[in-house]
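entry16.txt (compact mmCIF, C-alpha atoms)
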```txt
# COMPACT_ATOMS: atom_id res chain seq x y z
CA MET A 18 -40.21 -5.85 30.06
CA GLN A 19 -36.86 -4.57 31.24
CA SER A 20 -33.91 -5.84 29.25
CA VAL A 21 -31.03 -7.43 31.08
CA PHE A 22 -27.49 -7.35 29.79
CA SER A 23 -24.20 -8.68 31.05
CA TRP A 24 -20.82 -9.58 29.71
CA VAL A 25 -17.82 -11.31 31.09
CA ASP A 26 -14.48 -9.58 31.41
CA PHE A 27 -11.65 -11.29 33.20
CA SER A 28 -9.24 -8.39 33.44
CA GLU A 29 -10.46 -7.28 36.87
CA SER A 30 -10.42 -10.74 38.41
CA ASP A 31 -7.06 -11.47 36.81
CA LYS A 32 -5.68 -8.26 38.26
CA ASN A 33 -7.07 -9.15 41.68
CA ARG A 34 -5.57 -12.61 41.40
CA MET A 35 -2.18 -11.10 40.53
CA HIS A 36 -2.39 -8.87 43.60
CA GLU A 37 -3.11 -11.95 45.72
CA ILE A 38 -0.04 -13.66 44.26
CA ILE A 39 2.12 -10.61 44.94
CA ASN A 40 0.70 -10.44 48.46
CA SER A 41 1.59 -14.09 49.03
CA LEU A 42 5.23 -13.37 48.19
CA SER A 43 5.40 -11.09 51.23
CA ASN A 44 3.69 -13.74 53.36
CA PRO A 45 5.64 -16.98 52.84
CA ASN A 46 3.03 -19.07 54.65
CA THR A 47 0.48 -18.36 51.92
CA ARG A 48 2.57 -19.38 48.92
CA ASP A 49 1.32 -22.20 46.72
CA GLU A 50 4.52 -24.22 46.40
CA LEU A 51 2.83 -27.50 45.48
CA GLY A 52 0.25 -26.11 43.06
CA ILE A 53 -2.93 -26.89 44.99
CA ALA A 54 -4.47 -23.43 44.48
CA PRO A 55 -7.18 -24.65 42.04
CA ILE A 56 -8.65 -26.83 44.80
CA ARG A 57 -8.19 -24.23 47.52
CA ASP A 58 -9.80 -21.47 45.45
CA SER A 59 -12.61 -23.68 44.19
CA PHE A 60 -13.82 -24.49 47.70
CA ALA A 61 -13.27 -20.92 48.90
CA ASN A 62 -15.42 -19.61 46.04
CA LEU A 63 -18.07 -22.25 46.64
CA MET A 64 -18.36 -21.55 50.35
CA PHE A 65 -17.58 -17.83 50.52
CA PRO A 66 -18.39 -16.17 47.16
CA GLY A 67 -17.29 -12.59 46.67
CA THR A 68 -14.37 -12.86 49.08
CA ASN A 69 -10.64 -12.74 48.44
CA THR A 70 -7.57 -12.73 50.64
CA LEU A 71 -6.96 -9.00 50.21
CA GLN A 72 -10.23 -7.95 51.84
CA THR A 73 -10.43 -6.65 55.39
CA ARG A 74 -13.81 -5.27 56.51
CA ILE A 75 -17.24 -5.72 54.95
CA LYS A 76 -18.00 -1.97 55.18
CA TYR A 77 -15.94 -1.52 52.01
CA MET A 78 -18.81 -3.21 50.16
CA LEU A 79 -20.62 0.06 50.87
CA PHE A 80 -17.69 2.46 50.78
CA VAL A 81 -16.85 1.68 47.15
CA PRO A 82 -20.32 2.26 45.65
CA TRP A 83 -20.76 5.37 47.83
CA LEU A 84 -17.53 6.81 46.43
CA TYR A 85 -18.65 6.02 42.90
CA LYS A 86 -21.97 7.75 43.56
CA ILE A 87 -19.97 10.91 44.24
CA VAL A 88 -18.18 10.48 40.90
CA GLU A 89 -21.50 9.98 39.14
CA ASN A 90 -23.02 13.06 40.78
CA GLU A 91 -20.04 15.06 39.56
CA LYS A 92 -20.82 13.73 36.03
CA LEU A 93 -17.27 12.49 35.50
CA THR A 94 -16.53 9.72 33.01
CA GLY A 95 -13.66 7.75 31.54
CA LYS A 96 -10.18 8.81 32.61
CA ASN A 97 -11.55 11.68 34.71
CA ALA A 98 -13.72 9.24 36.66
CA ALA A 99 -10.75 6.92 37.25
CA GLU A 100 -8.62 9.79 38.55
CA ARG A 101 -11.40 11.13 40.76
CA ILE A 102 -12.22 7.77 42.35
CA ARG A 103 -8.56 7.38 43.29
CA GLU A 104 -8.60 10.81 44.93
CA LEU A 105 -11.69 9.84 46.89
CA GLU A 106 -10.18 6.53 47.97
CA ILE A 107 -7.14 8.36 49.33
CA ASP A 108 -9.48 10.77 51.14
CA LEU A 109 -11.23 7.71 52.59
CA ILE A 110 -7.95 6.36 53.95
CA ASP A 111 -7.27 9.64 55.74
CA ALA A 112 -10.81 9.79 57.12
CA LEU A 113 -10.73 6.23 58.43
CA LYS A 114 -7.36 6.80 60.09
CA LYS A 115 -8.75 9.90 61.79
CA ASN A 116 -12.10 8.45 62.84
CA ASN A 117 -11.16 4.92 63.97
CA SER A 118 -9.14 4.32 67.13
CA GLU A 119 -8.24 0.85 65.86
CA GLN A 120 -6.37 1.08 62.55
CA ASN A 121 -6.56 -2.62 61.74
CA GLY A 122 -8.64 -3.22 58.61
CA ILE A 123 -7.96 0.11 56.91
CA ILE A 124 -6.84 -0.58 53.34
CA GLY A 125 -3.89 1.69 52.56
CA GLN A 126 -3.31 2.55 56.21
CA ARG A 127 0.47 2.58 55.65
CA ALA A 128 0.74 3.34 51.94
CA GLY A 129 -1.63 6.31 51.94
CA ALA A 130 -1.48 8.17 48.61
CA GLU A 131 1.02 5.59 47.31
CA ILE A 132 -1.54 2.79 47.54
CA THR A 133 -1.36 0.35 44.61
CA ARG A 134 -4.39 -1.86 45.26
CA THR A 135 -7.27 0.36 46.23
CA PRO A 136 -10.55 -0.70 47.90
CA ALA A 137 -12.32 -0.64 44.53
CA ASP A 138 -9.68 -3.01 43.11
CA VAL A 139 -10.05 -5.37 46.06
CA TYR A 140 -13.85 -5.39 46.35
CA TRP A 141 -14.98 -4.98 42.73
CA THR A 142 -15.52 -8.69 42.03
CA GLY A 143 -17.34 -9.10 45.35
CA LEU A 144 -19.64 -6.19 44.50
CA ARG A 145 -20.52 -7.94 41.23
CA GLU A 146 -21.05 -11.34 42.84
CA TRP A 147 -23.27 -9.89 45.57
CA ARG A 148 -25.20 -7.96 42.90
CA ILE A 149 -24.59 -4.64 44.59
CA LEU A 150 -23.10 -3.76 41.22
CA ASN A 151 -25.18 -4.76 38.20
CA GLY A 152 -23.31 -6.13 35.20
CA ASP A 153 -20.16 -8.18 34.91
CA PHE A 154 -17.88 -5.43 33.67
CA SER A 155 -14.44 -4.23 34.61
CA ARG A 156 -13.72 -0.93 36.32
CA ARG A 157 -12.37 0.51 33.10
CA ASP A 158 -15.61 -0.34 31.30
CA PHE A 159 -17.58 1.09 34.21
CA HIS A 160 -15.79 4.42 33.87
CA GLU A 161 -16.69 4.48 30.18
CA LEU A 162 -20.29 3.44 30.87
CA LEU A 163 -20.76 6.56 32.96
CA LYS A 164 -20.96 8.38 29.63
CA ILE A 165 -24.42 6.89 29.29
CA TYR A 166 -25.65 9.61 31.63
CA LYS A 167 -24.46 12.19 29.11
CA LYS A 168 -26.35 10.45 26.29
CA SER A 169 -23.08 10.02 24.43
CA ALA A 170 -22.86 8.59 20.96
CA ALA A 171 -21.36 5.17 20.33
CA GLU A 172 -18.08 6.61 19.10
CA ASP A 173 -17.50 8.14 22.54
CA PHE A 174 -17.22 4.73 24.17
CA ILE A 175 -13.92 2.90 24.62
CA LEU A 176 -15.23 -0.33 26.12
CA GLU A 177 -13.10 -3.43 26.30
CA ASN A 178 -16.17 -5.31 24.98
CA GLU A 179 -16.95 -3.22 21.91
CA TYR A 180 -19.26 -5.77 20.34
CA LEU A 181 -21.90 -4.95 22.98
CA LEU A 182 -21.98 -1.22 22.33
CA GLU A 183 -25.12 -1.32 20.22
CA ASN A 184 -27.13 -3.24 22.80
CA ILE A 185 -25.93 -1.02 25.63
CA LEU A 186 -26.89 2.15 23.82
CA ASN A 187 -30.29 0.72 22.89
CA TYR A 188 -31.19 0.22 26.55
CA LYS A 189 -29.19 2.98 28.20
CA ASP A 190 -32.29 4.59 29.72
CA GLU A 191 -33.15 1.37 31.56
CA ILE A 192 -29.71 0.49 32.87
CA GLN A 193 -29.13 0.71 36.61
CA LEU A 194 -25.48 0.33 37.39
CA TRP A 195 -26.01 -0.11 41.12
CA ASP A 196 -28.56 -2.02 43.15
CA PRO A 197 -31.62 0.28 43.23
CA ASN A 198 -32.02 -0.60 46.91
CA LEU A 199 -28.44 0.34 47.77
CA ILE A 200 -28.47 1.97 51.18
CA GLU A 201 -27.54 5.65 51.03
CA SER A 202 -24.27 7.01 52.37
CA PRO A 203 -24.28 9.26 55.43
CA SER A 204 -24.41 12.94 54.53
CA GLU A 205 -20.92 13.53 55.91
CA PHE A 206 -19.32 10.72 53.90
CA PRO A 207 -16.41 10.23 53.35
CA GLU A 208 -15.15 12.82 55.88
CA GLN A 209 -16.70 11.02 58.85
CA ALA A 210 -16.32 7.44 57.58
CA VAL A 211 -16.03 4.68 60.18
CA LEU A 212 -15.39 0.97 59.73
CA ASN A 213 -18.23 -0.22 61.95
CA LEU A 214 -21.63 -0.86 60.39
CA ASN A 215 -24.83 0.50 61.79
CA TYR A 216 -27.93 -1.67 62.08
CA TYR A 217 -29.44 -0.69 58.72
CA GLN A 218 -26.19 -1.13 56.81
CA ALA A 219 -25.66 -4.56 58.37
CA ASP A 220 -29.21 -5.61 57.56
CA TYR A 221 -28.80 -4.52 53.94
CA LEU A 222 -25.55 -6.46 53.48
CA LYS A 223 -26.97 -9.52 55.18
CA GLU A 224 -29.94 -9.53 52.81
CA LYS A 225 -27.69 -9.04 49.76
CA ILE A 226 -25.63 -12.06 50.78
CA LYS A 227 -28.72 -14.20 51.36
CA LYS A 228 -30.32 -13.24 48.04
CA SER A 229 -27.23 -13.14 45.81
CA CYS A 230 -25.29 -16.05 47.32
CA THR A 231 -28.13 -18.50 47.91
CA GLN A 232 -27.24 -22.07 48.77
CA THR A 233 -23.74 -21.17 49.96
CA VAL A 234 -22.12 -21.65 53.35
CA LEU A 235 -21.74 -17.88 53.72
CA ALA A 236 -25.43 -17.18 53.11
CA GLU A 237 -26.63 -19.94 55.43
CA ILE A 238 -24.17 -19.56 58.26
CA ILE A 239 -24.99 -15.87 58.58
CA ASP A 240 -28.38 -16.89 59.98
CA LEU A 241 -26.85 -19.14 62.65
CA PRO A 242 -26.01 -17.89 66.15
CA TYR A 243 -22.52 -16.38 66.14
CA ASP A 244 -19.73 -18.71 67.27
CA GLN A 245 -16.85 -16.35 67.91
CA GLY A 246 -13.20 -17.08 67.35
CA THR A 247 -13.07 -20.30 65.32
CA ASP A 248 -9.98 -20.74 63.17
CA PHE A 249 -11.75 -22.90 60.58
CA VAL A 250 -15.32 -23.11 59.36
CA TRP A 251 -15.55 -26.78 60.34
CA GLU A 252 -15.01 -25.74 63.98
CA TYR A 253 -18.21 -23.67 63.89
CA ASP A 254 -20.48 -25.38 66.40
CA LEU A 255 -23.69 -25.31 64.39
CA ILE A 256 -22.57 -26.33 60.91
CA ASN A 257 -24.55 -29.55 61.32
CA HIS A 258 -27.62 -27.32 60.91
CA LEU A 259 -26.66 -26.63 57.30
CA ASP A 260 -28.21 -28.70 54.55
CA GLN A 261 -26.36 -31.82 53.45
CA LYS A 262 -24.84 -30.31 50.30
CA LEU A 263 -23.22 -27.43 52.19
CA TYR A 264 -22.20 -29.66 55.07
CA ASN A 265 -20.49 -31.99 52.57
CA GLN A 266 -18.58 -29.04 51.09
CA ILE A 267 -17.23 -28.21 54.52
CA GLN A 268 -16.29 -31.83 55.19
CA HIS A 269 -14.46 -32.05 51.86
CA ALA A 270 -12.62 -28.84 52.67
CA GLN A 271 -11.63 -30.09 56.13
CA ASN A 272 -10.41 -33.44 54.84
CA PHE A 273 -8.35 -31.79 52.13
CA ALA A 274 -6.91 -29.21 54.53
CA ASP A 275 -5.91 -31.93 57.01
CA LEU A 276 -4.44 -34.07 54.26
CA ILE A 277 -2.41 -31.47 52.36
CA TYR A 278 -1.11 -29.78 55.51
CA GLY A 279 1.21 -32.72 56.02
CA ALA A 280 2.54 -32.41 52.45
CA HIS A 281 3.40 -28.77 53.05
CA LEU A 282 5.07 -29.54 56.37
CA LEU A 283 7.16 -32.30 54.80
CA TYR A 284 8.12 -29.96 51.95
CA ASN A 285 9.38 -27.38 54.45
CA LEU A 286 11.21 -30.04 56.43
CA MET A 287 12.97 -31.21 53.26
CA LEU A 288 14.02 -27.63 52.53
CA ALA A 289 15.29 -27.17 56.08
CA GLN A 290 17.32 -30.37 55.80
CA LYS A 291 18.74 -29.37 52.42
CA ASP A 292 19.56 -25.76 53.29
CA GLN A 293 23.01 -25.66 54.88
CA ASN A 294 22.23 -22.26 56.40
CA THR A 295 19.29 -23.63 58.38
CA ASN A 296 19.85 -24.25 62.07
CA GLN A 297 18.83 -27.50 63.72
CA GLU A 298 16.10 -25.74 65.68
CA LEU A 299 14.07 -25.03 62.54
CA GLU A 300 14.35 -28.63 61.39
CA ASP A 301 13.21 -29.78 64.83
CA ASP A 302 10.26 -27.38 64.67
CA TYR A 303 9.04 -28.97 61.46
CA LEU A 304 9.56 -32.47 62.83
CA ASN A 305 7.44 -31.52 65.86
CA LEU A 306 4.73 -30.11 63.64
CA ILE A 307 4.72 -33.26 61.52
CA ASN A 308 4.39 -35.41 64.63
CA LYS A 309 1.43 -33.33 65.82
CA TRP A 310 -0.09 -33.59 62.35
CA LYS A 311 0.27 -37.38 62.43
CA VAL A 312 -1.62 -37.49 65.74
CA ASP A 313 -4.42 -35.43 64.19
CA ILE A 314 -4.52 -37.69 61.14
CA ASN A 315 -4.75 -40.79 63.30
CA ASP A 316 -7.60 -39.18 65.24
CA ARG A 317 -9.50 -38.55 62.00
CA LYS A 318 -8.41 -41.65 60.13
CA LYS A 319 -11.83 -43.30 60.07
CA TYR A 320 -13.30 -40.16 58.47
CA LEU A 321 -10.51 -39.96 55.94
CA LYS A 322 -10.84 -43.62 55.04
CA SER A 323 -14.54 -43.18 54.36
CA TRP A 324 -13.92 -39.97 52.40
CA ASP A 325 -15.68 -40.07 49.02
CA LEU A 326 -12.87 -38.85 46.78
CA ASP A 327 -15.02 -39.11 43.66
CA ASP A 328 -17.51 -36.68 45.16
CA PHE A 329 -14.64 -34.48 46.34
CA TRP A 330 -13.29 -34.11 42.82
CA LEU A 331 -16.78 -33.59 41.44
CA THR A 332 -17.40 -30.82 43.98
CA ALA A 333 -13.99 -29.22 43.43
CA ALA A 334 -14.58 -29.22 39.65
CA VAL A 335 -10.83 -29.51 39.07
CA ASN A 336 -9.79 -31.35 35.93
CA ASP A 337 -6.02 -31.10 36.27
CA ILE A 338 -5.03 -34.77 35.89
CA LYS A 339 -1.56 -34.31 37.38
CA LEU A 340 -2.93 -32.44 40.38
CA LYS A 341 -5.51 -35.17 40.96
CA SER A 342 -2.80 -37.81 40.69
CA PHE A 343 -0.62 -35.99 43.23
CA VAL A 344 -3.44 -35.60 45.77
CA ASN A 345 -4.66 -39.18 45.33
CA SER A 346 -1.11 -40.53 45.72
CA TRP A 347 -0.53 -38.46 48.84
CA TYR A 348 -3.83 -39.70 50.23
CA GLN A 349 -2.74 -43.31 49.78
CA ILE A 350 0.58 -42.64 51.50
CA VAL A 351 -1.02 -40.83 54.44
CA LEU A 352 -3.55 -43.60 55.03
CA SER A 353 -0.88 -46.29 55.00
CA ASP A 354 0.29 -47.02 58.54
CA ASN A 355 3.65 -48.18 57.25
CA TYR A 356 4.29 -44.84 55.55
CA LEU A 357 2.58 -42.51 58.03
CA LYS A 358 4.58 -43.63 61.07
CA GLN A 359 7.85 -42.51 59.46
CA ILE A 360 6.53 -40.22 56.75
CA GLU A 361 9.28 -37.71 57.40
CA ASN A 362 11.80 -40.34 56.22
CA SER A 363 9.62 -42.09 53.66
CA ASP A 364 11.20 -42.18 50.21
CA PRO A 365 7.85 -42.49 48.38
CA ALA A 366 6.50 -39.47 50.28
CA ARG A 367 9.61 -37.37 49.81
CA ASN A 368 9.93 -38.28 46.13
CA LEU A 369 6.28 -37.40 45.54
CA ILE A 370 6.79 -33.96 47.11
CA ALA A 371 10.03 -33.33 45.22
CA GLU A 372 8.61 -34.31 41.84
CA ARG A 373 5.51 -32.22 42.42
CA GLU A 374 7.60 -29.13 43.15
CA ARG A 375 9.74 -29.72 40.08
CA LEU A 376 6.63 -30.12 37.91
CA ILE A 377 5.13 -26.89 39.26
CA LYS A 378 8.21 -24.69 39.42
CA GLY A 379 10.65 -26.18 36.93
CA GLN A 380 14.09 -24.60 37.26
CA ARG A 381 12.87 -22.54 40.23
CA ALA A 382 12.24 -25.65 42.34
CA ARG A 383 14.11 -25.13 45.60
CA LEU A 384 14.69 -28.81 46.22
CA PHE A 385 16.67 -28.93 42.97
CA SER A 386 18.21 -25.46 42.78
CA GLN A 387 20.69 -24.04 45.28
CA LYS A 388 20.08 -20.58 43.85
CA TYR A 389 16.39 -20.64 44.72
CA LEU A 390 16.90 -22.58 47.93
CA GLU A 391 18.95 -19.64 49.21
CA LYS A 392 15.88 -17.42 48.74
CA TRP A 393 13.76 -19.59 51.00
CA GLY A 394 12.79 -17.68 54.12
CA GLY A 395 12.22 -20.63 56.43
CA ALA A 396 8.52 -21.15 55.70
CA SER A 397 6.62 -21.73 52.47
CA SER A 398 2.96 -22.78 52.47
CA ALA A 399 3.41 -23.78 56.09
CA SER A 400 -0.06 -22.84 57.30
CA LYS A 401 -3.18 -24.97 57.24
CA LEU A 402 -5.72 -23.98 54.61
CA ASP A 403 -8.75 -22.07 55.86
CA PHE A 404 -10.35 -21.35 52.45
CA ARG A 405 -10.77 -17.63 53.30
CA TRP A 406 -12.73 -18.44 56.44
CA GLN A 407 -10.90 -15.70 58.35
CA ILE A 408 -12.19 -13.13 55.86
CA ALA A 409 -15.71 -14.57 55.84
CA GLU A 410 -15.75 -14.84 59.64
CA THR A 411 -14.76 -11.17 59.92
CA PHE A 412 -17.63 -10.22 57.60
CA ILE A 413 -20.07 -12.32 59.61
CA ARG A 414 -18.82 -10.82 62.88
CA ASN A 415 -19.15 -7.27 61.49
CA ILE A 416 -22.78 -7.94 60.53
CA LYS A 417 -23.76 -9.87 63.66
CA PHE A 418 -22.33 -7.30 66.06
CA ALA A 419 -23.97 -4.41 64.21
CA LEU A 420 -27.36 -6.13 64.29
CA GLU A 421 -26.92 -6.75 68.02
CA GLY A 422 -25.67 -3.22 68.70
CA VAL A 423 -22.15 -4.29 69.70
CA GLU A 424 -19.22 -2.00 68.89
CA ILE A 425 -16.12 -3.71 67.47
CA ASP A 426 -12.64 -2.45 66.79
CA ALA A 427 -11.12 -5.12 64.54
```
Could you write out this file's structure as C-alpha cells?
Amino acid sequence: MQSVFSWVDFSESDKNRMHEIINSLSNPNTRDELGIAPIRDSFANLMFPGTNTLQTRIKYMLFVPWLYKIVENEKLTGKNAAERIRELEIDLIDALKKNNSEQNGIIGQRAGAEITRTPADVYWTGLREWRILNGDFSRRDFHELLKIYKKSAAEDFILENEYLLENILNYKDEIQLWDPNLIESPSEFPEQAVLNLNYYQADYLKEKIKKSCTQTVLAEIIDLPYDQGTDFVWEYDLINHLDQKLYNQIQHAQNFADLIYGAHLLYNLMLAQKDQNTNQELEDDYLNLINKWKVDINDRKKYLKSWDLDDFWLTAAVNDIKLKSFVNSWYQIVLSDNYLKQIENSDPARNLIAERERLIKGQRARLFSQKYLEKWGGASSASKLDFRWQIAETFIRNIKFALEGVEIDA
C-alpha cells in the first residue's frame, strides 16, 4: 500500500496574503478599512478554492509545473533550483509577450526581470488545493525535496519541517511530487507559450477542479452552460441548479455584499466630508451611490429580513466577536426604515463606522487622524465585494471556450 504524507506550512500562503495586501495598497477600492476580510476570504475560499486576487489566467496552473519539470530534468535542487525557476519564469514572460497579441493576463508583463511576485508564488497554493501538486509544502521545501532524486542523505536536507525528514526519506521512492496524470507540456515550451488553452489542457483542468474541489461552487458551476459577463456569481442565470448547500453559500455572500457595501460607502462619504481638500463633487458622488444602494436594499429587503444570520455565521466560520457585533449592528440599522432613509446623516450609523475604523486601525484611523486622512486617495474599499468571482469567472471562461474551440484574448 502506498504511503501518503503531507505537512502544513503556512509560509507560502502567508507570503501570498502579504502580496495581496501590498497589491490592495495600490488599488484603494480593494482595501479592507473596516476589517471584514475574514468573512470575505472565508466565502471566497468556500466557493472558489485555489484562487486569489493576484491570479490572471488559468493556464498558469500548467505553466508552473511545466517549468518545474524542466528544473527536475536538469537535476537541480535547493538554491540552484530556486534560481533556475526564476530564470525560466522570466523567459516565460518574454515568450508570452512575443506570442500573445493581447498582453492582458501576463504576470510580469511590465516588470519583466524585476518581477517580485512570480507565477509560482501566485499559483502555488492553488496547485496544492487542486492536487496538481502533491503535498502541502512550501516552495522552499519543494526545492529541497528535489534532492530525493539524487538519493541524498538526511543531512543534505534543509526543510522547514525537519521533524518529517525520516518519514520522507523512508518513502522517497514512492513519492510523486506532481499529479501523475499531469498533461505534458508542448515540446517547444516555454519558447512558444500562449495563454489560451487547447482542448486537452482545458479538459484536464476541468477534471482536476471537479475531483479536487468537490462540492464547491467552482466545481459545480463549471458544468453549467456558460453565462458570459456577469459581475457577481449570484447574477449567473443557472445558479438555482446548484444543490441547496452551495446555493445557500451564494445567497449568504450576496446578502453580505449588499449589506456591507453601504457601510463602505458611508465610510468614504464621512472621509470626503472630513477632508478639507475634497471637492463637493466627490461628496455628491458618494451621496448618489448611497441613494442607489438604498434603492437596492429596499428592493431586497424581504430577502434580507428573512436572512438566517445564525446560518450565515456558521457558514462563514468566523469567531471574531467584535466583527460579528459590528455586522449584526449594521444589519439592524440597515433594516430599520427610520435609519435607512437618512443613513448618511444617522448618528448611530456614523458612530458605528467610526468606532469600527478606530478599533481596526488605531492611531492610523483616518476619521480620527488628520495625518492619515491626508493620505486618503478619494476611495477606500469603495467597491462591492465579488468574493474573487472575477478570477473564477475568467478561469471558467478560459476552460469553456477552449472546450468549445473558441479563441479568446483576455
Using all atoms listed in the file, list the residues that have an atom at most 8 Å from (-9.9, -22.3, 50.5), coordinates as in the file, as a PDB file with C-alpha atoms, keeping the file's coordinate frame.
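Dumped to point22.pdb:
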```pdb
ATOM      1  CA  ILE A  56      -8.650 -26.830  44.800  1.00  0.00           C
ATOM      2  CA  ARG A  57      -8.190 -24.230  47.520  1.00  0.00           C
ATOM      3  CA  ASP A  58      -9.800 -21.470  45.450  1.00  0.00           C
ATOM      4  CA  SER A  59     -12.610 -23.680  44.190  1.00  0.00           C
ATOM      5  CA  PHE A  60     -13.820 -24.490  47.700  1.00  0.00           C
ATOM      6  CA  ALA A  61     -13.270 -20.920  48.900  1.00  0.00           C
ATOM      7  CA  ASN A  62     -15.420 -19.610  46.040  1.00  0.00           C
ATOM      8  CA  ALA A 270     -12.620 -28.840  52.670  1.00  0.00           C
ATOM      9  CA  LEU A 402      -5.720 -23.980  54.610  1.00  0.00           C
ATOM     10  CA  ASP A 403      -8.750 -22.070  55.860  1.00  0.00           C
ATOM     11  CA  PHE A 404     -10.350 -21.350  52.450  1.00  0.00           C
ATOM     12  CA  ARG A 405     -10.770 -17.630  53.300  1.00  0.00           C
ATOM     13  CA  TRP A 406     -12.730 -18.440  56.440  1.00  0.00           C
TER      14      TRP A 406
END
```
Near-Lys227 in chain A list (12 Å; only C-alpha atoms; drop same-chain fewer than 3 positions) as a PyMOL selection string: chain A and resi 65-66+146-148+220-224+230-240
Which of A:Thr135, A:Thr332, A:Gln349, A:Gln245 sits closest to Arg414 in chain A [using only C-alpha atoms]: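 Counting only C-alpha atoms, the residue closest to Arg414 in chain A is A:Gln245.
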Selected residue of minimal separation from Ser397 in chain A among A:Ala280, A:Leu163, A:Val344, A:Leu105, counting all atoms listed in the file: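 Selected residue with least distance to Ser397 in chain A: A:Ala280.
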One-decimal distance in Å that lies between CA of Ala54 in chain A and CA of Asp325 in chain A: 20.6 Å
Selected residue, from A:Met78, A:Ile277, A:Ala419, A:Val139, that lies nearest to Trp195 in chain A when counting only C-alpha atoms: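 Among A:Met78, A:Ile277, A:Ala419, A:Val139, it is A:Met78 that comes nearest to Trp195 in chain A.
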Nearest to Lys401 in chain A, chosen from A:Ile200, A:Leu321, A:Ala210, A:Leu306, with all atoms listed in the file counted in the distances: A:Leu306
Distance criterion (only C-alpha atoms): nearest to Leu79 in chain A out of A:Lys318, A:Lys225, A:Arg381, A:Lys311: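 Ranked by minimum distance to Leu79 in chain A, first place goes to A:Lys225.
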Near-Trp393 in chain A list (9 Å; all atoms listed in the file; drop same-chain fewer than 2 positions) as a PyMOL selection string: chain A and resi 45+288+292+383+389-391+395-397
Pick from A:Asn345, A:Ser202, A:Gln407, A:Asn415, whichever lies nearest to Thr247 in chain A using all atoms listed in the file: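 Looking only at the distances to Thr247 in chain A, the closest residue turns out to be A:Gln407.
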All residues 12 Å or closer to Trp141 in chain A, all atoms listed in the file, same chain fewer than 4 positions away omitted, as a ChimeraX atom specification: /A:27-33,67-69,71-72,77-82,85,134-137,145-157,159
Point-to-point distance in Å for CA of Glu100 in chain A and CA of Asp138 in chain A: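 Going from CA of Asp138 in chain A over to CA of Glu100 in chain A, I get 13.6 Å.
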Residue neighbourhood Trp310 in chain A, 8 Å, all atoms listed in the file, exclusion window fewer than 3 positions, as a list in words: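 The neighbour list is Tyr278, Gly279, Leu306, Ile307, Asp313 and Ile314 of chain A.
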Residues of the last selection are to be written out with C-alpha atoms, as a JSON list (two decimals), keeping the file's coordinate frame.
```json
[["chain", "number", "residue", "atom", "x", "y", "z"],
["A", 278, "TYR", "CA", -1.11, -29.78, 55.51],
["A", 279, "GLY", "CA", 1.21, -32.72, 56.02],
["A", 306, "LEU", "CA", 4.73, -30.11, 63.64],
["A", 307, "ILE", "CA", 4.72, -33.26, 61.52],
["A", 313, "ASP", "CA", -4.42, -35.43, 64.19],
["A", 314, "ILE", "CA", -4.52, -37.69, 61.14]]
```
Contacts of range 106-112 of chain A within 10 Å, all atoms listed in the file, excl. fewer than 5 positions in-chain, as a VMD selection string: chain A and resid 80 to 81 84 to 85 101 117 123 to 132 135 to 137 206 to 211
